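Pasted below: data_12.tsv, TSV, C-alpha atoms and all ligand atoms.
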```tsv
chain	number	residue	atom	x	y	z
G	1	MET	CA	-30.27	-4.02	-32.97
G	2	GLY	CA	-30.28	-7.78	-32.32
G	3	ILE	CA	-30.60	-9.40	-28.95
G	4	ARG	CA	-26.87	-10.14	-28.99
G	5	ASP	CA	-26.01	-6.48	-29.31
G	6	VAL	CA	-28.38	-5.62	-26.53
G	7	VAL	CA	-26.81	-8.22	-24.26
G	8	ALA	CA	-23.33	-7.04	-25.19
G	9	ARG	CA	-24.32	-3.48	-24.39
G	10	ILE	CA	-25.83	-4.46	-21.06
G	11	PHE	CA	-22.62	-6.26	-20.15
G	12	GLU	CA	-20.62	-3.23	-21.07
G	13	GLU	CA	-22.79	-1.02	-18.91
G	14	ILE	CA	-22.61	-3.45	-16.01
G	15	SER	CA	-18.82	-3.63	-16.15
G	16	GLU	CA	-18.71	0.13	-16.24
G	17	ALA	CA	-20.71	0.20	-13.04
G	18	VAL	CA	-18.50	-2.43	-11.44
G	19	PHE	CA	-15.25	-0.73	-12.40
G	20	PRO	CA	-15.82	2.96	-11.77
G	21	SER	CA	-12.04	3.32	-11.53
G	22	ASN	CA	-11.96	3.50	-15.29
G	23	ILE	CA	-13.78	6.79	-15.27
G	24	TYR	CA	-12.21	8.70	-12.40
G	25	CYS	CA	-8.60	8.84	-11.29
G	26	ILE	CA	-8.38	6.35	-8.40
G	27	LYS	CA	-6.36	8.81	-6.38
G	28	CYS	CA	-7.66	12.35	-6.89
G	29	GLY	CA	-11.01	11.61	-8.52
G	30	SER	CA	-10.49	13.80	-11.59
G	31	LEU	CA	-12.10	12.64	-14.81
G	32	ILE	CA	-9.85	10.49	-16.99
G	33	ASP	CA	-10.26	8.38	-20.09
G	34	ARG	CA	-10.01	4.63	-19.97
G	35	SER	CA	-6.57	4.45	-21.53
G	36	ARG	CA	-4.81	5.91	-18.46
G	37	ILE	CA	-2.37	3.52	-16.84
G	38	TYR	CA	-3.49	2.17	-13.41
G	39	ALA	CA	-6.52	4.45	-13.73
G	40	LEU	CA	-4.41	7.35	-12.49
G	41	CYS	CA	-4.47	10.83	-14.03
G	42	ASP	CA	-1.22	12.22	-15.46
G	43	ARG	CA	-0.66	14.49	-12.51
G	44	CYS	CA	-0.99	11.68	-9.97
G	45	VAL	CA	1.35	9.47	-12.00
G	46	ARG	CA	3.90	12.30	-11.96
G	47	GLU	CA	3.54	12.95	-8.25
G	48	MET	CA	3.92	9.40	-7.04
G	49	HIS	CA	7.33	8.05	-6.04
G	50	TRP	CA	8.01	5.19	-8.44
G	51	ILE	CA	11.11	3.18	-7.64
G	52	THR	CA	13.12	3.22	-10.84
G	53	GLY	CA	16.71	3.71	-9.67
G	54	GLY	CA	19.05	1.92	-7.27
G	55	THR	CA	17.57	-0.20	-4.49
G	56	CYS	CA	18.70	-2.10	-1.41
G	57	ASP	CA	19.87	-5.55	-2.55
G	58	CYS	CA	18.14	-7.06	0.45
G	59	CYS	CA	14.78	-5.39	1.12
G	60	GLY	CA	14.26	-3.52	-2.17
G	61	LYS	CA	13.67	-0.02	-0.84
G	62	ALA	CA	14.93	2.87	-2.95
G	63	LEU	CA	18.43	4.19	-2.25
G	64	PRO	CA	19.60	7.65	-3.28
G	65	ASP	CA	22.49	7.73	-5.78
G	66	THR	CA	24.70	9.42	-3.21
G	67	TYR	CA	24.28	6.65	-0.63
G	68	ARG	CA	27.31	4.36	-0.41
G	69	GLY	CA	26.29	1.68	2.11
G	70	VAL	CA	27.72	-1.75	1.32
G	71	GLY	CA	27.32	-4.85	3.47
G	72	PRO	CA	30.11	-7.29	4.42
G	73	ASP	CA	29.14	-9.56	1.52
G	74	GLY	CA	29.45	-6.72	-1.00
G	75	ARG	CA	25.71	-6.19	-1.40
G	76	ARG	CA	24.38	-2.64	-1.50
G	77	LEU	CA	22.31	-2.37	1.66
G	78	CYS	CA	20.08	0.28	3.24
G	79	TYR	CA	20.86	1.48	6.77
G	80	ASP	CA	18.29	-0.87	8.19
G	81	CYS	CA	19.50	-4.01	6.41
G	82	MET	CA	23.09	-3.17	7.44
G	83	MET	CA	21.99	-3.36	11.07
G	84	ARG	CA	19.86	-6.45	10.94
G	85	ASP	CA	19.68	-9.74	9.07
G	86	HIS	CA	16.30	-10.62	7.63
G	87	SER	CA	14.59	-14.00	7.44
G	88	PHE	CA	13.59	-13.44	3.81
G	89	THR	CA	16.23	-13.84	1.10
G	90	LYS	CA	15.51	-10.81	-1.06
G	91	GLY	CA	12.81	-8.23	-1.60
G	92	TRP	CA	11.50	-5.86	-4.28
G	93	SER	CA	9.30	-2.80	-3.93
G	94	CYS	CA	7.42	-0.53	-6.33
G	95	LEU	CA	6.91	2.85	-4.67
G	96	SER	CA	8.58	4.89	-1.96
G	97	TYR	CA	6.06	5.64	0.73
G	98	GLY	CA	5.26	9.35	0.63
G	99	LEU	CA	2.21	11.55	1.00
G	100	HIS	CA	0.50	10.31	-2.18
G	101	GLU	CA	1.18	6.66	-1.51
G	102	ARG	CA	-0.18	7.16	2.00
G	103	GLU	CA	-3.41	8.62	0.61
G	104	LEU	CA	-3.85	5.61	-1.67
G	105	MET	CA	-3.22	3.17	1.15
G	106	MET	CA	-5.69	4.97	3.43
G	107	ASP	CA	-8.35	4.67	0.72
G	108	ILE	CA	-7.64	0.97	0.35
G	109	LYS	CA	-7.53	0.20	4.06
G	110	TYR	CA	-10.08	2.50	5.61
G	111	ASN	CA	-12.35	3.81	2.84
G	112	GLY	CA	-13.42	0.49	1.37
G	113	LYS	CA	-11.73	1.06	-2.00
G	114	GLY	CA	-10.52	-2.49	-2.60
G	115	TYR	CA	-10.48	-1.93	-6.36
G	116	ILE	CA	-7.44	0.31	-5.89
G	117	ALA	CA	-5.58	-2.68	-4.41
G	118	SER	CA	-6.27	-4.64	-7.61
G	119	LYS	CA	-4.83	-1.79	-9.68
G	120	MET	CA	-1.78	-1.88	-7.47
G	121	GLY	CA	-1.38	-5.55	-8.41
G	122	ASP	CA	-0.80	-4.25	-11.95
G	123	VAL	CA	1.86	-1.90	-10.62
G	124	MET	CA	3.55	-4.86	-8.93
G	125	PHE	CA	3.55	-6.98	-12.06
G	126	ASP	CA	4.92	-4.16	-14.22
G	127	ARG	CA	7.69	-3.67	-11.70
G	128	MET	CA	8.67	-7.35	-11.93
G	129	GLU	CA	7.99	-8.07	-15.59
G	130	THR	CA	11.50	-7.59	-16.99
G	131	LEU	CA	12.99	-9.57	-14.08
G	132	ILE	CA	10.53	-12.41	-14.60
G	133	ASP	CA	11.39	-12.42	-18.30
G	134	ALA	CA	15.11	-12.41	-17.59
G	135	ALA	CA	14.63	-15.42	-15.31
G	136	ARG	CA	12.62	-17.11	-18.02
G	137	GLU	CA	15.48	-16.57	-20.42
G	138	GLY	CA	17.71	-18.39	-17.96
G	139	ASP	CA	19.16	-15.60	-15.79
G	140	SER	CA	18.28	-17.01	-12.37
G	141	SER	CA	20.03	-14.13	-10.62
G	142	ALA	CA	17.33	-11.75	-11.89
G	143	PHE	CA	14.45	-13.48	-10.19
G	144	PRO	CA	14.15	-16.86	-8.48
G	145	SER	CA	11.81	-19.62	-9.49
G	146	ILE	CA	8.73	-19.10	-7.31
G	147	ASP	CA	6.37	-21.98	-6.43
G	148	VAL	CA	3.90	-20.28	-4.13
G	149	ILE	CA	2.61	-16.75	-3.60
G	150	ILE	CA	1.39	-15.88	-0.12
G	151	PRO	CA	-0.20	-12.55	0.77
G	152	VAL	CA	0.49	-11.32	4.31
G	153	PRO	CA	-2.76	-12.04	6.17
G	154	VAL	CA	-4.77	-9.52	8.18
G	155	SER	CA	-6.48	-10.45	11.43
G	156	GLY	CA	-9.96	-11.96	11.31
G	157	LYS	CA	-11.36	-8.89	13.01
G	158	ARG	CA	-9.89	-6.54	10.42
G	159	MET	CA	-10.96	-8.83	7.62
G	160	VAL	CA	-14.57	-8.61	8.82
G	161	LYS	CA	-14.39	-4.84	9.17
G	162	ARG	CA	-12.69	-4.21	5.83
G	163	GLY	CA	-14.24	-7.04	3.86
G	164	TYR	CA	-10.98	-7.96	2.14
G	165	ASN	CA	-7.27	-8.37	2.61
G	166	GLN	CA	-5.65	-5.72	0.42
G	167	SER	CA	-2.45	-7.75	0.03
G	168	GLU	CA	-4.46	-10.70	-1.23
G	169	LEU	CA	-6.21	-8.49	-3.82
G	170	MET	CA	-2.82	-7.24	-4.98
G	171	ALA	CA	-1.46	-10.79	-5.12
G	172	ARG	CA	-4.44	-12.03	-7.14
G	173	GLN	CA	-4.04	-9.34	-9.78
G	174	PHE	CA	-0.26	-9.74	-9.81
G	175	LEU	CA	-0.69	-13.45	-10.54
G	176	ARG	CA	-3.45	-12.85	-13.10
G	177	ARG	CA	-1.11	-10.57	-15.03
G	178	TRP	CA	1.73	-13.08	-14.74
G	179	LYS	CA	-0.45	-15.83	-16.26
G	180	GLN	CA	-1.64	-13.52	-19.04
G	181	HIS	CA	1.92	-12.53	-19.76
G	182	LEU	CA	3.11	-16.13	-20.10
G	183	HIS	CA	0.12	-16.90	-22.25
G	184	ASN	CA	1.06	-14.05	-24.61
G	185	TYR	CA	4.69	-15.09	-24.51
G	186	ALA	CA	3.81	-18.67	-25.57
G	187	THR	CA	7.13	-19.71	-27.02
G	188	GLY	CA	6.94	-23.29	-25.88
G	189	ASP	CA	8.90	-24.67	-22.95
G	190	ALA	CA	11.37	-22.17	-21.66
G	191	PRO	CA	13.56	-23.65	-18.93
G	192	GLY	CA	13.37	-20.68	-16.57
G	193	ILE	CA	10.14	-20.11	-14.83
G	194	SER	CA	6.64	-21.40	-14.34
G	195	VAL	CA	3.61	-19.70	-12.82
G	196	PRO	CA	3.29	-20.07	-9.05
G	197	ARG	CA	0.15	-20.95	-7.12
G	198	LEU	CA	-1.63	-18.50	-4.86
G	199	GLU	CA	-2.06	-19.79	-1.30
G	200	PRO	CA	-4.00	-17.22	0.72
G	201	HIS	CA	-4.90	-19.58	3.60
G	202	VAL	CA	-1.60	-21.24	4.47
G	203	LEU	CA	-0.39	-18.37	6.63
G	204	VAL	CA	-2.77	-17.16	9.32
G	205	ARG	CA	-2.69	-14.21	11.66
G	206	GLN	CA	-3.22	-15.50	15.16
G	207	LYS	CA	-3.57	-12.25	17.00
G	208	ALA	CA	-4.53	-8.77	16.00
G	209	THR	CA	-1.45	-6.66	16.53
G	210	VAL	CA	-1.53	-3.15	17.84
G	211	MET	CA	-0.74	-0.39	15.37
G	212	LEU	CA	2.94	-0.77	14.61
G	213	ARG	CA	3.41	2.76	13.43
G	214	SER	CA	4.32	4.27	16.80
G	215	LEU	CA	6.71	1.49	17.80
G	216	ASN	CA	10.47	1.32	17.29
G	217	PRO	CA	11.93	-1.66	15.36
G	218	GLU	CA	12.53	-3.81	18.45
G	219	GLU	CA	9.08	-3.10	19.85
G	220	ARG	CA	7.61	-4.05	16.48
G	221	ARG	CA	9.41	-7.36	16.53
G	222	LEU	CA	8.14	-8.08	20.04
G	223	ALA	CA	4.58	-7.12	19.13
G	224	LEU	CA	4.68	-9.50	16.18
G	225	HIS	CA	6.08	-12.44	18.13
G	226	ASP	CA	3.73	-15.39	17.53
G	227	ALA	CA	1.44	-13.18	15.45
G	228	PHE	CA	1.60	-15.55	12.47
G	229	ALA	CA	1.30	-19.30	12.09
G	230	VAL	CA	1.06	-21.88	9.33
G	231	ASN	CA	-2.23	-23.73	9.09
G	232	PRO	CA	-1.13	-27.29	9.98
G	233	ASP	CA	-3.58	-28.83	7.49
G	234	LEU	CA	-1.96	-26.90	4.62
G	235	ARG	CA	1.64	-27.30	5.68
G	236	GLY	CA	2.37	-29.62	2.75
G	237	ARG	CA	1.77	-26.79	0.31
G	238	ILE	CA	4.88	-24.90	1.39
G	239	GLU	CA	7.30	-27.72	2.20
G	240	GLY	CA	10.43	-27.38	0.09
G	241	LYS	CA	8.86	-24.49	-1.87
G	242	ASN	CA	10.17	-21.09	-2.85
G	243	ILE	CA	7.69	-18.55	-1.61
G	244	LEU	CA	6.97	-15.00	-2.70
G	245	LEU	CA	5.40	-13.08	0.16
G	246	ILE	CA	3.29	-10.09	-0.87
G	247	ASP	CA	2.60	-7.14	1.40
G	248	ASP	CA	1.37	-3.58	0.96
G	249	ILE	CA	3.88	-1.62	3.04
G	250	TYR	CA	7.45	-2.28	4.14
G	251	THR	CA	9.14	-0.20	6.81
G	252	THR	CA	11.67	-2.04	8.99
G	253	GLY	CA	10.76	-5.52	7.83
G	254	ALA	CA	9.32	-6.72	11.16
G	255	THR	CA	6.16	-8.11	9.55
G	256	ALA	CA	7.99	-9.69	6.61
G	257	ASP	CA	10.50	-11.27	9.01
G	258	ALA	CA	7.80	-12.63	11.31
G	259	CYS	CA	6.02	-14.25	8.33
G	260	SER	CA	9.21	-15.55	6.72
G	261	LYS	CA	10.45	-17.04	9.98
G	262	VAL	CA	7.27	-19.07	10.45
G	263	LEU	CA	7.23	-20.23	6.81
G	264	LEU	CA	10.87	-21.35	7.00
G	265	GLU	CA	10.31	-23.12	10.33
G	266	GLU	CA	7.44	-25.00	8.74
G	267	GLY	CA	9.56	-26.23	5.88
G	268	ALA	CA	9.63	-23.57	3.12
G	269	ALA	CA	12.87	-23.61	1.12
G	270	ALA	CA	13.21	-19.82	0.82
G	271	VAL	CA	11.05	-16.72	1.16
G	272	TYR	CA	11.21	-13.71	-1.17
G	273	LEU	CA	9.28	-10.50	-0.74
G	274	LEU	CA	7.37	-8.13	-2.98
G	275	THR	CA	5.90	-4.99	-1.45
G	276	LEU	CA	3.92	-2.18	-3.00
G	277	CYS	CA	5.41	0.63	-0.92
G	278	SER	CA	8.50	0.90	1.19
G	279	GLY	CA	9.80	3.55	3.59
G	280	GLY	CA	12.83	5.73	2.92
G	281	ASN	CA	16.42	4.90	3.81
G	282	ARG	CA	16.44	6.54	7.22
G	283	LYS	CA	19.57	6.68	9.32
G	284	PRO	CA	18.88	4.95	12.62
G	285	LYS	CA	18.81	7.24	15.65
G	286	ASP	CA	21.56	6.76	18.22
G	287	GLU	CA	20.16	4.54	20.91
D	1	ZN	ZN	-5.30	11.98	-10.14
D	2	ZN	ZN	17.20	-2.81	2.92
```

Kindly present the structure from the file in structure tokens form.
Amino acid sequence: MGIRDVVARIFEEISEAVFPSNIYCIKCGSLIDRSRIYALCDRCVREMHWITGGTCDCCGKALPDTYRGVGPDGRRLCYDCMMRDHSFTKGWSCLSYGLHERELMMDIKYNGKGYIASKMGDVMFDRMETLIDAAREGDSSAFPSIDVIIPVPVSGKRMVKRGYNQSELMARQFLRRWKQHLHNYATGDAPGISVPRLEPHVLVRQKATVMLRSLNPEERRLALHDAFAVNPDLRGRIEGKNILLIDDIYTTGATADACSKVLLEEGAAAVYLLTLCSGGNRKPKDE
């Protein structure tokens, strides 16, 4: 065995140590082979709630086939988007937030498993791939031309505690896949779409917000008032740009709206939204 082979083998062993997700299912920990998609075992893939059917034309959450909600402009809207206009133009989502999605998110956010967030960036790209291709072929209604990708920031305190921003890890992998995809596509200059830039520092979280989970939609909006700001030194990077905001979980859209509002006020042309998980289409309680 030559020195080259030895080095190659060492590298292989190192990468195996760095990416343990290729050996165990990232969700349940059962042993899997490397070919498994998203490093999930077959059972976990089956049990998760992939969004493959009809969705809300505004926020992107899944809608059951039997649901007939249509907004005044003819768009198919979830209960929540019927009640309230959003600051972002349109959103997409990959998974409906259920028990299994919750387990994954808990591992990412509280158990230090940032590598799962990167895998979820693959999920996000796969969700968008056909739409991105359609746009590239000239169908601008499928997906807009995006200039900048911005992950929803976490507070400095949380960043220190967790060591990473899960939405940024998702965004990085999402963009990596996008670049790879275009590279493979390589059919010269298509008119449709170019690869956006990642800007993880333009949007900043000014205050750590309380847990939003227990609050109703209006309380959420109040709690998030002034929570986000645009770094004045980097303002030029969003002026006149189409932005794709990336977040892990979407429920009523309070966070996405707070971010979009600030970005638009600071000169962004439009804000679109891609989330990993989104809540169900719940009928609002009588208030
Ligand atoms: Zn599993
Ligand atoms: Zn909606």

Report task. Just give me the gap between atom CA of G:Glu168 and atom CA of G:Leu212 in Å, one decimal is fine. Result ->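 Value for the atom CA of G:Glu168-atom CA of G:Leu212 distance: 20.1 Å.
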
List every residue of chain G that has an atom at most 7 Å from any atom of ligand ZN 2 (chain D), and for each one report the closest atom pair and its distance in Å to one decimal, counting all atoms listed in the file, with rows sorted by chain and then by increasing residue number, as a Markdown table.
```
| residue | atom | partner | partner_atom | distance |
| --- | --- | --- | --- | --- |
| G:Cys56 | CA | D:ZN2 | ZN | 4.6 |
| G:Asp57 | CA | D:ZN2 | ZN | 6.7 |
| G:Cys58 | CA | D:ZN2 | ZN | 5.0 |
| G:Cys59 | CA | D:ZN2 | ZN | 4.0 |
| G:Gly60 | CA | D:ZN2 | ZN | 5.9 |
| G:Lys61 | CA | D:ZN2 | ZN | 5.9 |
| G:Leu77 | CA | D:ZN2 | ZN | 5.3 |
| G:Cys78 | CA | D:ZN2 | ZN | 4.2 |
| G:Tyr79 | CA | D:ZN2 | ZN | 6.8 |
| G:Asp80 | CA | D:ZN2 | ZN | 5.7 |
| G:Cys81 | CA | D:ZN2 | ZN | 4.3 |
```

**Report entry** Contacts to ligand ZN 1 (chain D) at 12 Å cut-off (all atoms listed in the file) as number ranges by chain
**Finding:** G: 21-33, 36-48, 100, 103-104

Query raised in the report: When distances are computed from all atoms listed in the file, which of G:Asn216, G:Thr89, G:Asn281, G:Thr275 shows the smallest separation from G:Tyr250?
Result: G:Thr275

Box in all listed atoms of stretch 95-105 of chain G, axis-aligned, with 4 Å more on each side; write out centre and edge lengths in Å to one decimal as JSON.
```
{"center_x": 2.4, "center_y": 7.2, "center_z": -1.3, "size_x": 20.4, "size_y": 16.7, "size_z": 14.7}
```

**Report entry** Pairwise distance for atom CA of G:Val154 and atom CA of G:Lys207, rounded to one decimal in Å
**Finding:** 9.3 Å

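For stretch 231-243 of chain G, the set of protein, DNA and RNA residues having any atom at most 10 Å away, when counting all atoms listed in the file and skipping those fewer than 6 positions along the same chain, is G:Phe88, G:Pro144, G:Ser145, G:Ile146, G:Asp147, G:Val148, G:Ile149, G:Ile150, G:Pro196, G:Arg197, G:Leu198, G:Glu199, G:His201, G:Val202, G:Leu203, G:Val204, G:Arg205, G:Ser260, G:Leu263, G:Leu264, G:Glu265, G:Glu266, G:Gly267, G:Ala268, G:Ala269, G:Ala270, G:Val271, G:Tyr272, G:Leu273.
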
Report task. Counting all atoms listed in the file, figure out which residue out of G:Arg9, G:Arg213, G:Arg220, G:Arg162 gets nearest to G:Lys113. Result ->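 So, comparing all the options, the nearest one is G:Arg162.
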
Requested in this report: Quick one: everything within 12 Å of G:Thr130, counting all atoms listed in the file, minus sequence neighbours fewer than 5 positions away in the same chain. Send it as a list in words.
Outcome: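 The residues that qualify are Met124, Phe125, Ala135, Arg136, Glu137, Asp139, Ala142, Phe143, Trp178 and His181 of chain G.
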
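Atom CA of G:Ser278 is positioned 8.9 Å from atom CA of G:Thr252.
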
**Report entry** Point (-5.5, -12.4, -8.2), cut-off 12 Å, counting all atoms listed in the file, residues as a PyMOL selection string
**Finding:** chain G and resi 115+117-122+124-125+149-151+165-180+196-200+246
